[in-house]
Amino acid sequence: MVEEAAKKIKELLKEEEFFAAVVGGSGIELPGVEREIPYSEIPNMPLPAVPGHKGVVKLLSLNGKKVLFFEGRFHYYEGREDWEIRFIPELCSLLGVRVFIPTCASGAVSRKAAESEIGVIYDHINLLGRNPLVGLIKSYGARVFVNGKKFYSKRLVNAFLKKALELGIDAVPAVLAANLGPNYETYTEIRLLEVLGVDCVSMSTVPEVIAANFYGMECVALTVFTNDTLNPEASHEEVLEKAAERSAKLGKLIGEALIHL
């Protein structure tokens, strides 16, 4: 199923493999697009159902490095099955992607995050109650027991933090928690996340990182802090607005960092 999608992308983009792939969170866009393909033209590709996720894969060229940008992802709170959550990471592995970079919009939990704009994720807590690798042991055996302590590449985390410092971009290392959603957190849940050492919370990214590691790619995740979770008012519209406002800096950071990897 995914093999057909990979074949079609190679055919339409006229490229055989790609250096990196970026998955866009709500409202996040990247500049420098050469060509693009709607998800609807890719065989077996699921279609996004959430506002801010357009459902387009774009080809970017960064200093000669071919980068795929998936503008639209899939969330468990939509009622998705595991194969849909795994689809983009598995597709990227078949396209020769070496560096996998999911991005997301997140709510700031720690005061460090609340006072910053962008987070470079170096660890996570999976509170989804779901794991995209469930059931794969039937096909892959012991290979599914991936090491969570190696999910995030120290090399990539350090590279992105260093580049952010050089560019004057307000970025901090962060621990991400993934909640199932689609509701935003209660005050008591936020206090619990603080006790657990969480800097920010989202409804995505974590399962993609798990799947990408399973498929053998080097990972780092980036987040735009779109709201302070302690603010009594929270809305998807606010998330999209703040993500759009800060996505230019995120795009610049990704572009500059990838050029030097």
# chains A, B, ... in the order shown; residues from 1 in each chain; ligands from 1
>>> closest_atom_pairs(of="range 183-254 of chain A", to="range 159-163 of chain A", cutoff="10 Å", atoms="only C-alpha atoms", output="JSON lines")
{"residue": "A:Val220", "atom": "CA", "partner": "A:Phe160", "partner_atom": "CA", "distance": 8.8}
{"residue": "A:Ala221", "atom": "CA", "partner": "A:Phe160", "partner_atom": "CA", "distance": 9.9}
{"residue": "A:Leu222", "atom": "CA", "partner": "A:Phe160", "partner_atom": "CA", "distance": 9.1}
{"residue": "A:Lys252", "atom": "CA", "partner": "A:Lys163", "partner_atom": "CA", "distance": 9.9}
{"residue": "A:Leu253", "atom": "CA", "partner": "A:Lys163", "partner_atom": "CA", "distance": 6.9}
{"residue": "A:Ile254", "atom": "CA", "partner": "A:Phe160", "partner_atom": "CA", "distance": 7.7}
>>> residues_around(residues="Tyr39 in chain A", least_positions_apart="5", cutoff="9 Å", atoms="only C-alpha atoms", output="list in words")
Met45, Pro46, Leu47, Pro48, Lys54, Gly55, Val56, Val57 and Gly72 of chain A
>>> residues_around(residues="range 114-130 of chain A", least_positions_apart="6", cutoff="6 Å", atoms="only C-alpha atoms", output="JSON, numbers by chain")
{"A": [108, 152, 170, 171, 172, 173, 174, 175, 176, 177, 178, 179, 180, 221, 222, 223, 224, 225, 228]}
>>> residues_around(residues="range 142-149 of chain A", least_positions_apart="2", cutoff="12 Å", atoms="only C-alpha atoms", output="MDAnalysis selection string")
chainID A and resid 122:126 131:140 151:154 206:207 209:216 219
>>> write_last_selection(atoms="C-alpha atoms", output="PDB file, in the first residue's frame")
ATOM      1  CA  TYR A 122      14.939  16.262  23.126  1.00  0.00           C
ATOM      2  CA  ASP A 123      12.595  13.867  24.940  1.00  0.00           C
ATOM      3  CA  HIS A 124       8.903  13.123  25.345  1.00  0.00           C
ATOM      4  CA  ILE A 125       6.187  11.526  27.455  1.00  0.00           C
ATOM      5  CA  ASN A 126       3.569   9.546  25.556  1.00  0.00           C
ATOM      6  CA  ASN A 131       1.461   3.415  20.177  1.00  0.00           C
ATOM      7  CA  PRO A 132       1.661   3.179  16.360  1.00  0.00           C
ATOM      8  CA  LEU A 133       3.820   0.041  16.544  1.00  0.00           C
ATOM      9  CA  VAL A 134       1.134  -2.064  18.214  1.00  0.00           C
ATOM     10  CA  GLY A 135       0.517  -5.233  16.220  1.00  0.00           C
ATOM     11  CA  LEU A 136       3.641  -4.983  14.066  1.00  0.00           C
ATOM     12  CA  ILE A 137       5.315  -7.706  16.108  1.00  0.00           C
ATOM     13  CA  LYS A 138       3.325 -10.172  13.989  1.00  0.00           C
ATOM     14  CA  SER A 139       5.348  -9.085  10.954  1.00  0.00           C
ATOM     15  CA  TYR A 140       8.608  -7.782  12.401  1.00  0.00           C
ATOM     16  CA  PHE A 151      14.308   8.526  19.858  1.00  0.00           C
ATOM     17  CA  TYR A 152      15.845  11.988  19.526  1.00  0.00           C
ATOM     18  CA  SER A 153      19.246  12.416  17.903  1.00  0.00           C
ATOM     19  CA  LYS A 154      21.622  14.351  20.162  1.00  0.00           C
ATOM     20  CA  VAL A 206       5.227  11.656  19.466  1.00  0.00           C
ATOM     21  CA  PRO A 207       3.724   8.725  17.512  1.00  0.00           C
ATOM     22  CA  VAL A 209       8.818   9.986  16.160  1.00  0.00           C
ATOM     23  CA  ILE A 210       8.233   6.453  17.446  1.00  0.00           C
ATOM     24  CA  ALA A 211       7.370   5.207  13.959  1.00  0.00           C
ATOM     25  CA  ALA A 212      10.260   7.057  12.297  1.00  0.00           C
ATOM     26  CA  ASN A 213      12.735   5.431  14.679  1.00  0.00           C
ATOM     27  CA  PHE A 214      11.237   2.043  13.927  1.00  0.00           C
ATOM     28  CA  TYR A 215      11.790   2.698  10.224  1.00  0.00           C
ATOM     29  CA  GLY A 216      15.427   3.652  10.830  1.00  0.00           C
ATOM     30  CA  CYS A 219      14.919  12.262  14.323  1.00  0.00           C
TER      31      CYS A 219
END
>>> select_by_dssp(residues="range 17-257 of chain A", states="helix (DSSP H, G or I)", output="number ranges by chain")
A: 39-41, 76-78, 82-94, 111-114, 137-144, 148-150, 154-167, 187-195, 206-214, 236-257
>>> residues_around(residues="Phe70 in chain A", least_positions_apart="3", cutoff="10 Å", atoms="only C-alpha atoms", output="MDAnalysis selection string")
chainID A and resid 21:25 29 36:39 53:59 67 73 88 102
>>> write_last_selection(atoms="N, CA and C atoms", output="mmCIF file, in the first residue's frame")
data_model
loop_
_atom_site.group_PDB
_atom_site.id
_atom_site.type_symbol
_atom_site.label_atom_id
_atom_site.label_comp_id
_atom_site.auth_asym_id
_atom_site.auth_seq_id
_atom_site.Cartn_x
_atom_site.Cartn_y
_atom_site.Cartn_z
ATOM 1 N N ALA A 21 12.842 14.953 5.588
ATOM 2 C CA ALA A 21 11.402 15.190 5.490
ATOM 3 C C ALA A 21 10.964 15.975 6.712
ATOM 4 N N VAL A 22 10.105 16.946 6.477
ATOM 5 C CA VAL A 22 9.534 17.763 7.542
ATOM 6 C C VAL A 22 8.024 17.568 7.525
ATOM 7 N N VAL A 23 7.441 17.318 8.691
ATOM 8 C CA VAL A 23 5.986 17.215 8.803
ATOM 9 C C VAL A 23 5.490 18.489 9.468
ATOM 10 N N GLY A 24 4.591 19.190 8.789
ATOM 11 C CA GLY A 24 4.120 20.475 9.295
ATOM 12 C C GLY A 24 3.006 20.333 10.309
ATOM 13 N N GLY A 25 3.106 21.097 11.394
ATOM 14 C CA GLY A 25 2.037 21.151 12.373
ATOM 15 C C GLY A 25 0.986 22.164 11.953
ATOM 16 N N GLU A 29 4.132 26.609 7.758
ATOM 17 C CA GLU A 29 4.504 26.534 6.354
ATOM 18 C C GLU A 29 6.002 26.794 6.221
ATOM 19 N N GLU A 36 4.822 20.687 -5.897
ATOM 20 C CA GLU A 36 3.959 20.141 -4.853
ATOM 21 C C GLU A 36 2.935 19.180 -5.437
ATOM 22 N N ILE A 37 2.472 18.261 -4.579
ATOM 23 C CA ILE A 37 1.494 17.253 -4.976
ATOM 24 C C ILE A 37 0.402 17.187 -3.903
ATOM 25 N N PRO A 38 -0.858 17.317 -4.279
ATOM 26 C CA PRO A 38 -1.927 17.102 -3.297
ATOM 27 C C PRO A 38 -1.943 15.645 -2.840
ATOM 28 N N TYR A 39 -2.241 15.429 -1.576
ATOM 29 C CA TYR A 39 -2.336 14.062 -1.064
ATOM 30 C C TYR A 39 -3.332 13.238 -1.882
ATOM 31 N N HIS A 53 -4.302 21.932 8.133
ATOM 32 C CA HIS A 53 -3.555 20.830 7.526
ATOM 33 C C HIS A 53 -4.063 20.653 6.096
ATOM 34 N N LYS A 54 -3.341 21.233 5.129
ATOM 35 C CA LYS A 54 -3.835 21.352 3.764
ATOM 36 C C LYS A 54 -3.860 20.035 2.991
ATOM 37 N N GLY A 55 -2.952 19.133 3.307
ATOM 38 C CA GLY A 55 -2.907 17.877 2.557
ATOM 39 C C GLY A 55 -2.141 18.009 1.267
ATOM 40 N N VAL A 56 -0.929 18.542 1.369
ATOM 41 C CA VAL A 56 -0.051 18.726 0.207
ATOM 42 C C VAL A 56 1.366 18.333 0.594
ATOM 43 N N VAL A 57 2.060 17.571 -0.266
ATOM 44 C CA VAL A 57 3.478 17.303 -0.044
ATOM 45 C C VAL A 57 4.262 18.175 -1.014
ATOM 46 N N LYS A 58 5.252 18.884 -0.480
ATOM 47 C CA LYS A 58 6.010 19.854 -1.264
ATOM 48 C C LYS A 58 7.481 19.444 -1.338
ATOM 49 N N LEU A 59 8.095 19.735 -2.449
ATOM 50 C CA LEU A 59 9.522 19.491 -2.630
ATOM 51 C C LEU A 59 10.274 20.799 -2.457
ATOM 52 N N VAL A 67 14.379 18.102 0.067
ATOM 53 C CA VAL A 67 13.635 17.970 1.320
ATOM 54 C C VAL A 67 12.140 17.898 1.010
ATOM 55 N N ARG A 73 -0.953 16.414 8.610
ATOM 56 C CA ARG A 73 -0.672 15.148 9.304
ATOM 57 C C ARG A 73 -1.969 14.531 9.791
ATOM 58 N N ILE A 88 3.087 8.408 6.962
ATOM 59 C CA ILE A 88 4.121 9.346 6.504
ATOM 60 C C ILE A 88 5.522 8.868 6.875
ATOM 61 N N PRO A 102 9.458 16.044 12.472
ATOM 62 C CA PRO A 102 8.071 16.467 12.676
ATOM 63 C C PRO A 102 8.034 17.793 13.445
#
>>> residues_around(residues="Gly255 in chain A", least_positions_apart="4", cutoff="7 Å", atoms="only C-alpha atoms", output="ChimeraX atom specification")
/A:62,251,259
>>> closest_residue(among="A:Lys249, A:Arg98, A:Arg155, A:Lys242", to="Gly168 in chain A", atoms="only C-alpha atoms")
A:Lys249
>>> closest_residue(among="A:Trp83, A:Cys104, A:Phe19, A:Pro51", to="Lys66 in chain A", atoms="only C-alpha atoms")
A:Phe19
>>> select_by_dssp(residues="range 57-204 of chain A", states="strand (DSSP E or B)", output="count of residues only")
45
